[in-house]
Number of protein chains: 2
Amino acid sequence: MYTFKGKEYPCCASLTMGIIGGKWKTVILYHLIEGPLRYNELRKEMPTVTERTLSLQLKTLEEDGIVKRKVYTSKPPLKVEYSLTDFGKTLIPVIISIADWGVYAVENKGELAV
Amino acid sequence: MYTFKGKEYPCCASLTMGIIGGKWKTVILYHLIEGPLRYNELRKEMPTVTERTLSLQLKTLEEDGIVKRKVYTSKPPLKVEYSLTDFGKTLIPVIISIADWGVYAVENKGELAV
DNA sequence: ATTTATACTATCATTTTTGATAGTTATTGT
DNA sequence: ACAATAACTATCAAAAATGATAGTATAAAT
C-alpha cells in the first residue's frame with residue numbers, strides 16, 4: 001500500500017496514475033515540458049478543454065506539487081504563468097514515454113487525421 | 001488530432017491515456033509484465049478491485065489489442081489466461097516508467113505504509 | 001463610453017467510471 | 001448429496017470526471 005498526499009494506492013503504478021491520470025493532465029504536462037505557459041497559452045494549445053476543467057486540473061497538479069503557479073500582477077487583467085516544479089520535472093521522462101507511445105500506436109494501429 | 005480504434009484524441013499523450021488510463025488498467029498491465037495470469041490470479045494480486053471492474057477493464061484492454069485472452073477449457077469451471085499481446089508488450093517501458101515514478105514519488109514526498 | 005483582454009469562479013447538467021451484491025454453469029472433491 | 005471452484009454477467013447504485021454556460025474584476029485600448 002502506497003500513500004501520497006493523504007491518498008492511498010494499492011500499487012506504485014496506480015499512484016502515478018492518481019496524479020497524472022484523467023483526460024487532460026498529461027496533455028497539460030506535455031505542453032509544459034517546453035517551458036512556462038500562461039493560462040491562455042495553454043488554452044490555445046488545448047482548444048477542446050473547457051475552462052473549468054483546465055482550471056481544476058491545474059489546481060490539483062499544483063496541490064500535488066507538480067506544477068507551480070506564478071502571478072505577476074496584483075490586479076486584473078492578471079498575468080499568470082504555469083510551469084513544472086523540480087518535482088514535476090522528474091515526470092518528464094514518464095510523460096515523454098507516454099506521448100511517444102501514442103505516436104507509435106497511431107503509426108501502427110491507428111490513423112493519422114488529415 | 002489522433003485516431004485509434006475509432007476514438008479521437010487531441011494529443012498523442014491523451015491517446016495513450018485513453019488506453020491505459022483509469023484506476024486499474026496500469027495495475028493489470030503491471031502484473032502481466034511478468035507473464036500470463038489467470039483471472040483469479042489477477043484478483044489475488046489486486047484484492048481491492050471488484051470482479052465487474054476487473055472484467056470490464058480486461059475486456060477493453062482486449063478490444064484495444066493490448067491483452068489477449070486464452071481459454072483452455074470448454075466447460076466450467078473455465079481455465080482462462082490473460083497475457084500481453086505483442087502490441088501490448090510495446091507498452092512495457094511505459095508501464096515500468098509509470099511504476100518506477102510511483103516508487104520514487106513515495107520515497108520522496110509520500111509515505112510507505114507499515 | 002465602450003469594448004477587449006486576462007484568469008479565472010459559480011452553477012448546473014451530463015457522462016463516465018467504479019462499486020456492491022447476487023446469480024450462472026458445469027465439474028471436481030468430500 | 002453437497003459444497004467448492006472458475007470465470008465470469010446482470011442489475012442497481014454511487015461517485016467521480018467532465019462539459020456548457022454565464023459571470024467577475026480591473027486595466028488598457030479604441
# chains A, B, ... in the order shown; residues from 1 in each chain; ligands from 1

call {"tool": "interface_residues", "arguments": {"of": "chain A", "to": "chain B", "cutoff": "8 Å", "atoms": "only C-alpha atoms", "output": "PyMOL selection string"}}
result
chain A and resi 1-5+10-18+21-24+26-27+30+46+48+91+93-95+97-103+105-106+109-113

call {"tool": "interface_residues", "arguments": {"of": "chain D", "to": "chain A", "cutoff": "9 Å", "atoms": "only C-alpha atoms (C1' of nucleotides)", "output": "JSON, numbers by chain"}}
result
{"D": [17, 18, 19, 20, 25, 26, 27]}

call {"tool": "write_last_selection", "arguments": {"atoms": "N, CA and C atoms (P, O5', C5', C4', C3', O3' and C1' of nucleotides)", "output": "PDB file, in the first residue's frame"}}
result
ATOM      1  P    DA D  17     -11.893  11.990  -9.940  1.00  0.00           P
ATOM      2  O5'  DA D  17     -12.414  12.339 -11.407  1.00  0.00           O
ATOM      3  C5'  DA D  17     -12.552  11.297 -12.358  1.00  0.00           C
ATOM      4  C4'  DA D  17     -13.150  11.855 -13.623  1.00  0.00           C
ATOM      5  C3'  DA D  17     -12.483  13.133 -14.122  1.00  0.00           C
ATOM      6  O3'  DA D  17     -12.092  12.883 -15.461  1.00  0.00           O
ATOM      7  C1'  DA D  17     -14.860  13.393 -14.024  1.00  0.00           C
ATOM      8  P    DT D  18     -11.281  13.972 -16.259  1.00  0.00           P
ATOM      9  O5'  DT D  18     -12.442  14.779 -16.986  1.00  0.00           O
ATOM     10  C5'  DT D  18     -13.264  14.089 -17.927  1.00  0.00           C
ATOM     11  C4'  DT D  18     -14.441  14.955 -18.316  1.00  0.00           C
ATOM     12  C3'  DT D  18     -14.072  16.329 -18.883  1.00  0.00           C
ATOM     13  O3'  DT D  18     -14.319  16.284 -20.283  1.00  0.00           O
ATOM     14  C1'  DT D  18     -16.026  16.373 -17.498  1.00  0.00           C
ATOM     15  P    DG D  19     -14.175  17.613 -21.152  1.00  0.00           P
ATOM     16  O5'  DG D  19     -15.671  18.183 -21.103  1.00  0.00           O
ATOM     17  C5'  DG D  19     -16.732  17.385 -21.610  1.00  0.00           C
ATOM     18  C4'  DG D  19     -18.027  18.179 -21.593  1.00  0.00           C
ATOM     19  C3'  DG D  19     -17.922  19.563 -22.239  1.00  0.00           C
ATOM     20  O3'  DG D  19     -19.014  19.717 -23.126  1.00  0.00           O
ATOM     21  C1'  DG D  19     -18.855  19.738 -20.073  1.00  0.00           C
ATOM     22  P    DA D  20     -19.056  20.898 -24.146  1.00  0.00           P
ATOM     23  O5'  DA D  20     -20.193  21.855 -23.558  1.00  0.00           O
ATOM     24  C5'  DA D  20     -21.376  21.295 -23.014  1.00  0.00           C
ATOM     25  C4'  DA D  20     -22.341  22.427 -22.626  1.00  0.00           C
ATOM     26  C3'  DA D  20     -22.093  23.743 -23.365  1.00  0.00           C
ATOM     27  O3'  DA D  20     -23.349  24.308 -23.706  1.00  0.00           O
ATOM     28  C1'  DA D  20     -21.887  24.065 -21.010  1.00  0.00           C
ATOM     29  P    DA D  25     -17.257  42.302  -9.489  1.00  0.00           P
ATOM     30  O5'  DA D  25     -15.683  42.436  -9.698  1.00  0.00           O
ATOM     31  C5'  DA D  25     -14.778  41.791  -8.809  1.00  0.00           C
ATOM     32  C4'  DA D  25     -13.371  42.096  -9.284  1.00  0.00           C
ATOM     33  C3'  DA D  25     -13.132  43.589  -9.505  1.00  0.00           C
ATOM     34  O3'  DA D  25     -11.995  44.006  -8.772  1.00  0.00           O
ATOM     35  C1'  DA D  25     -12.672  42.355 -11.520  1.00  0.00           C
ATOM     36  P    DT D  26     -11.849  45.573  -8.476  1.00  0.00           P
ATOM     37  O5'  DT D  26     -11.004  46.033  -9.758  1.00  0.00           O
ATOM     38  C5'  DT D  26      -9.647  45.615  -9.874  1.00  0.00           C
ATOM     39  C4'  DT D  26      -9.157  45.847 -11.282  1.00  0.00           C
ATOM     40  C3'  DT D  26      -9.173  47.330 -11.713  1.00  0.00           C
ATOM     41  O3'  DT D  26      -7.845  47.661 -12.074  1.00  0.00           O
ATOM     42  C1'  DT D  26      -9.958  45.911 -13.415  1.00  0.00           C
ATOM     43  P    DA D  27      -7.330  49.148 -11.853  1.00  0.00           P
ATOM     44  O5'  DA D  27      -6.265  49.238 -13.025  1.00  0.00           O
ATOM     45  C5'  DA D  27      -5.471  48.098 -13.348  1.00  0.00           C
ATOM     46  C4'  DA D  27      -5.434  47.936 -14.856  1.00  0.00           C
ATOM     47  C3'  DA D  27      -5.199  49.248 -15.591  1.00  0.00           C
ATOM     48  O3'  DA D  27      -3.947  49.177 -16.256  1.00  0.00           O
ATOM     49  C1'  DA D  27      -6.942  47.977 -16.605  1.00  0.00           C
TER      50       DA D  27
END

call {"tool": "atom_distance", "arguments": {"atom1": "CA of Thr73 in chain A", "atom2": "C1' of DT11 in chain C"}}
result
28.2 Å

call {"tool": "select_by_dssp", "arguments": {"residues": "chain B", "states": "helix (DSSP H, G or I)", "output": "compact mmCIF listing (two decimals) with N, CA and C atoms, in the first residue's frame"}}
result
# COMPACT_ATOMS: atom_id res chain seq x y z
N CYS B 12 -1.06 13.16 -28.58
CA CYS B 12 -0.51 11.82 -28.53
C CYS B 12 -0.51 11.28 -27.10
N ALA B 13 -0.33 12.19 -26.15
CA ALA B 13 -0.32 11.74 -24.75
C ALA B 13 -1.71 11.29 -24.31
N SER B 14 -2.72 12.00 -24.77
CA SER B 14 -4.06 11.62 -24.33
C SER B 14 -4.52 10.33 -25.00
N LEU B 15 -3.98 10.04 -26.17
CA LEU B 15 -4.29 8.76 -26.80
C LEU B 15 -3.83 7.61 -25.91
N THR B 16 -2.59 7.68 -25.48
CA THR B 16 -2.08 6.63 -24.59
C THR B 16 -2.92 6.54 -23.32
N MET B 17 -3.26 7.70 -22.78
CA MET B 17 -4.05 7.70 -21.56
C MET B 17 -5.44 7.13 -21.81
N GLY B 18 -5.95 7.32 -22.99
CA GLY B 18 -7.24 6.73 -23.31
C GLY B 18 -7.20 5.22 -23.27
N ILE B 19 -6.01 4.66 -23.46
CA ILE B 19 -5.89 3.21 -23.50
C ILE B 19 -5.47 2.62 -22.16
N ILE B 20 -4.57 3.29 -21.46
CA ILE B 20 -4.09 2.74 -20.18
C ILE B 20 -4.60 3.53 -18.98
N LYS B 25 -6.22 -0.09 -15.04
CA LYS B 25 -5.58 -0.71 -16.20
C LYS B 25 -4.07 -0.85 -16.06
N THR B 26 -3.41 0.19 -15.56
CA THR B 26 -1.96 0.07 -15.42
C THR B 26 -1.59 -1.00 -14.39
N VAL B 27 -2.45 -1.18 -13.40
CA VAL B 27 -2.15 -2.21 -12.39
C VAL B 27 -2.23 -3.59 -13.02
N ILE B 28 -3.26 -3.80 -13.82
CA ILE B 28 -3.38 -5.07 -14.54
C ILE B 28 -2.14 -5.29 -15.41
N LEU B 29 -1.80 -4.30 -16.20
CA LEU B 29 -0.68 -4.45 -17.12
C LEU B 29 0.63 -4.68 -16.37
N TYR B 30 0.77 -3.97 -15.26
CA TYR B 30 1.97 -4.13 -14.46
C TYR B 30 2.15 -5.58 -14.01
N HIS B 31 1.07 -6.21 -13.62
CA HIS B 31 1.17 -7.59 -13.17
C HIS B 31 1.35 -8.57 -14.33
N LEU B 32 0.88 -8.17 -15.50
CA LEU B 32 1.02 -9.07 -16.65
C LEU B 32 2.41 -9.00 -17.29
N TYR B 39 -7.50 -15.33 -14.40
CA TYR B 39 -8.41 -14.34 -13.84
C TYR B 39 -8.29 -14.26 -12.32
N ASN B 40 -8.37 -15.39 -11.66
CA ASN B 40 -8.30 -15.36 -10.20
C ASN B 40 -6.92 -15.03 -9.66
N GLU B 41 -5.92 -15.29 -10.42
CA GLU B 41 -4.57 -14.89 -10.00
C GLU B 41 -4.46 -13.36 -10.02
N LEU B 42 -5.04 -12.78 -11.05
CA LEU B 42 -5.08 -11.31 -11.10
C LEU B 42 -5.84 -10.76 -9.90
N ARG B 43 -6.95 -11.39 -9.59
CA ARG B 43 -7.75 -10.93 -8.45
C ARG B 43 -6.96 -10.97 -7.15
N LYS B 44 -6.14 -12.02 -7.00
CA LYS B 44 -5.33 -12.11 -5.79
C LYS B 44 -4.30 -11.00 -5.73
N GLU B 45 -3.77 -10.63 -6.89
CA GLU B 45 -2.80 -9.53 -6.94
C GLU B 45 -3.47 -8.19 -6.67
N GLU B 51 -15.04 -7.59 -9.14
CA GLU B 51 -14.98 -8.50 -10.28
C GLU B 51 -15.51 -7.83 -11.53
N ARG B 52 -16.55 -7.10 -11.37
CA ARG B 52 -17.12 -6.41 -12.51
C ARG B 52 -16.11 -5.49 -13.18
N THR B 53 -15.42 -4.70 -12.35
CA THR B 53 -14.46 -3.75 -12.89
C THR B 53 -13.28 -4.48 -13.54
N LEU B 54 -12.78 -5.49 -12.88
CA LEU B 54 -11.67 -6.25 -13.46
C LEU B 54 -12.07 -6.81 -14.82
N SER B 55 -13.25 -7.38 -14.86
CA SER B 55 -13.79 -7.90 -16.11
C SER B 55 -13.86 -6.84 -17.21
N LEU B 56 -14.44 -5.71 -16.86
CA LEU B 56 -14.58 -4.64 -17.84
C LEU B 56 -13.24 -4.15 -18.36
N GLN B 57 -12.32 -3.97 -17.46
CA GLN B 57 -11.01 -3.46 -17.86
C GLN B 57 -10.30 -4.46 -18.77
N LEU B 58 -10.37 -5.73 -18.40
CA LEU B 58 -9.74 -6.75 -19.24
C LEU B 58 -10.37 -6.76 -20.63
N LYS B 59 -11.68 -6.58 -20.66
CA LYS B 59 -12.35 -6.61 -21.95
C LYS B 59 -11.93 -5.43 -22.84
N THR B 60 -11.82 -4.25 -22.25
CA THR B 60 -11.43 -3.12 -23.11
C THR B 60 -9.95 -3.23 -23.50
N LEU B 61 -9.14 -3.75 -22.60
CA LEU B 61 -7.73 -3.96 -22.98
C LEU B 61 -7.63 -4.96 -24.13
N GLU B 62 -8.51 -5.94 -24.09
CA GLU B 62 -8.53 -6.93 -25.16
C GLU B 62 -8.98 -6.27 -26.47
N GLU B 63 -10.04 -5.48 -26.37
CA GLU B 63 -10.54 -4.80 -27.57
C GLU B 63 -9.51 -3.86 -28.17
N ASP B 86 1.72 -8.90 -28.51
CA ASP B 86 2.97 -8.29 -28.95
C ASP B 86 2.86 -6.78 -28.92
N PHE B 87 1.72 -6.32 -29.37
CA PHE B 87 1.47 -4.87 -29.33
C PHE B 87 1.44 -4.38 -27.88
N GLY B 88 0.80 -5.12 -27.02
CA GLY B 88 0.75 -4.77 -25.61
C GLY B 88 2.13 -4.73 -24.98
N LYS B 89 3.01 -5.60 -25.44
CA LYS B 89 4.36 -5.62 -24.88
C LYS B 89 5.13 -4.35 -25.17
N ILE B 92 5.35 -2.02 -22.27
CA ILE B 92 6.09 -2.35 -21.05
C ILE B 92 6.98 -1.21 -20.56
N PRO B 93 7.78 -0.60 -21.43
CA PRO B 93 8.62 0.51 -20.94
C PRO B 93 7.79 1.65 -20.36
N VAL B 94 6.63 1.90 -20.94
CA VAL B 94 5.75 2.94 -20.42
C VAL B 94 5.26 2.58 -19.02
N ILE B 95 4.80 1.36 -18.88
CA ILE B 95 4.28 0.91 -17.58
C ILE B 95 5.39 0.92 -16.52
N ILE B 96 6.56 0.46 -16.91
CA ILE B 96 7.68 0.44 -15.97
C ILE B 96 8.01 1.87 -15.53
N SER B 97 8.00 2.76 -16.49
CA SER B 97 8.35 4.14 -16.15
C SER B 97 7.30 4.75 -15.22
N ILE B 98 6.04 4.41 -15.46
CA ILE B 98 4.97 4.87 -14.59
C ILE B 98 5.12 4.27 -13.18
N ALA B 99 5.39 2.98 -13.14
CA ALA B 99 5.51 2.31 -11.85
C ALA B 99 6.72 2.82 -11.08
N ASP B 100 7.83 2.97 -11.78
CA ASP B 100 9.04 3.45 -11.12
C ASP B 100 8.86 4.84 -10.53
N TRP B 101 8.17 5.69 -11.27
CA TRP B 101 7.96 7.03 -10.75
C TRP B 101 7.10 6.99 -9.49
N GLY B 102 6.16 6.07 -9.45
CA GLY B 102 5.33 5.91 -8.25
C GLY B 102 6.17 5.59 -7.04
N VAL B 103 7.13 4.70 -7.22
CA VAL B 103 8.03 4.35 -6.13
C VAL B 103 8.87 5.57 -5.73
N TYR B 104 9.38 6.25 -6.74
CA TYR B 104 10.19 7.44 -6.48
C TYR B 104 9.39 8.49 -5.71
N ALA B 105 8.17 8.71 -6.14
CA ALA B 105 7.33 9.74 -5.51
C ALA B 105 7.09 9.42 -4.04
N VAL B 106 6.81 8.16 -3.77
CA VAL B 106 6.56 7.77 -2.39
C VAL B 106 7.81 7.96 -1.54
N GLU B 107 8.94 7.61 -2.12
CA GLU B 107 10.17 7.75 -1.37
C GLU B 107 10.48 9.21 -1.04
N ASN B 108 10.02 10.09 -1.90
CA ASN B 108 10.34 11.49 -1.70
C ASN B 108 9.27 12.31 -1.01

call {"tool": "closest_atom_pairs", "arguments": {"of": "chain C", "to": "chain A", "cutoff": "9 Å", "atoms": "only C-alpha atoms (C1' of nucleotides)", "output": "tab-separated table"}}
result
residue	atom	partner	partner_atom	distance
C:DA5	C1'	A:Pro77	CA	6.9
C:DT6	C1'	A:Pro77	CA	4.4
C:DA7	C1'	A:Leu78	CA	6.1
C:DC8	C1'	A:Ser55	CA	7.7
C:DT9	C1'	A:Arg52	CA	8.2

call {"tool": "write_last_selection", "arguments": {"atoms": "C-alpha atoms (C1' of nucleotides)", "output": "PDB file, in the first residue's frame"}}
result
ATOM      1  C1'  DA C   5      -8.436  41.292 -22.511  1.00  0.00           C
ATOM      2  C1'  DT C   6      -6.869  38.027 -18.557  1.00  0.00           C
ATOM      3  C1'  DA C   7      -7.626  34.468 -15.472  1.00  0.00           C
ATOM      4  C1'  DC C   8     -10.420  32.737 -13.567  1.00  0.00           C
ATOM      5  C1'  DT C   9     -15.196  31.013 -10.485  1.00  0.00           C
TER       6       DT C   9
END

call {"tool": "atom_distance", "arguments": {"atom1": "C1' of DT18 in chain C", "atom2": "C1' of DC8 in chain D"}}
result
17.8 Å

call {"tool": "select_by_dssp", "arguments": {"residues": "chain B", "states": "strand (DSSP E)", "output": "list in words"}}
result
Tyr2, Thr3, Phe4, Lys7, Glu8, Tyr9, Leu37, Arg38, Val67, Lys68, Arg69, Lys70, Val71, Val80, Glu81, Tyr82, Ser83, Leu84, Glu111 and Leu112 of chain B

call {"tool": "residues_around", "arguments": {"residues": "DA3 in chain D", "least_positions_apart": "2", "cutoff": "10 Å", "atoms": "only C-alpha atoms (C1' of nucleotides)", "output": "list of chain:residue names"}}
result
C:DG29, C:DT30, D:DA1, D:DT5

call {"tool": "write_last_selection", "arguments": {"atoms": "C-alpha atoms (C1' of nucleotides)", "output": "mmCIF file, in the first residue's frame"}}
result
data_model
loop_
_atom_site.group_PDB
_atom_site.id
_atom_site.type_symbol
_atom_site.label_atom_id
_atom_site.label_comp_id
_atom_site.auth_asym_id
_atom_site.auth_seq_id
_atom_site.Cartn_x
_atom_site.Cartn_y
_atom_site.Cartn_z
ATOM 1 C "C1'" DG C 29 -13.725 -33.069 -4.346
ATOM 2 C "C1'" DT C 30 -15.910 -34.724 0.248
ATOM 3 C "C1'" DA D 1 -25.759 -35.280 -1.903
ATOM 4 C "C1'" DT D 5 -14.398 -23.721 -7.686
#

call {"tool": "atom_distance", "arguments": {"atom1": "CA of Val71 in chain A", "atom2": "C1' of DT4 in chain C"}}
result
21.1 Å
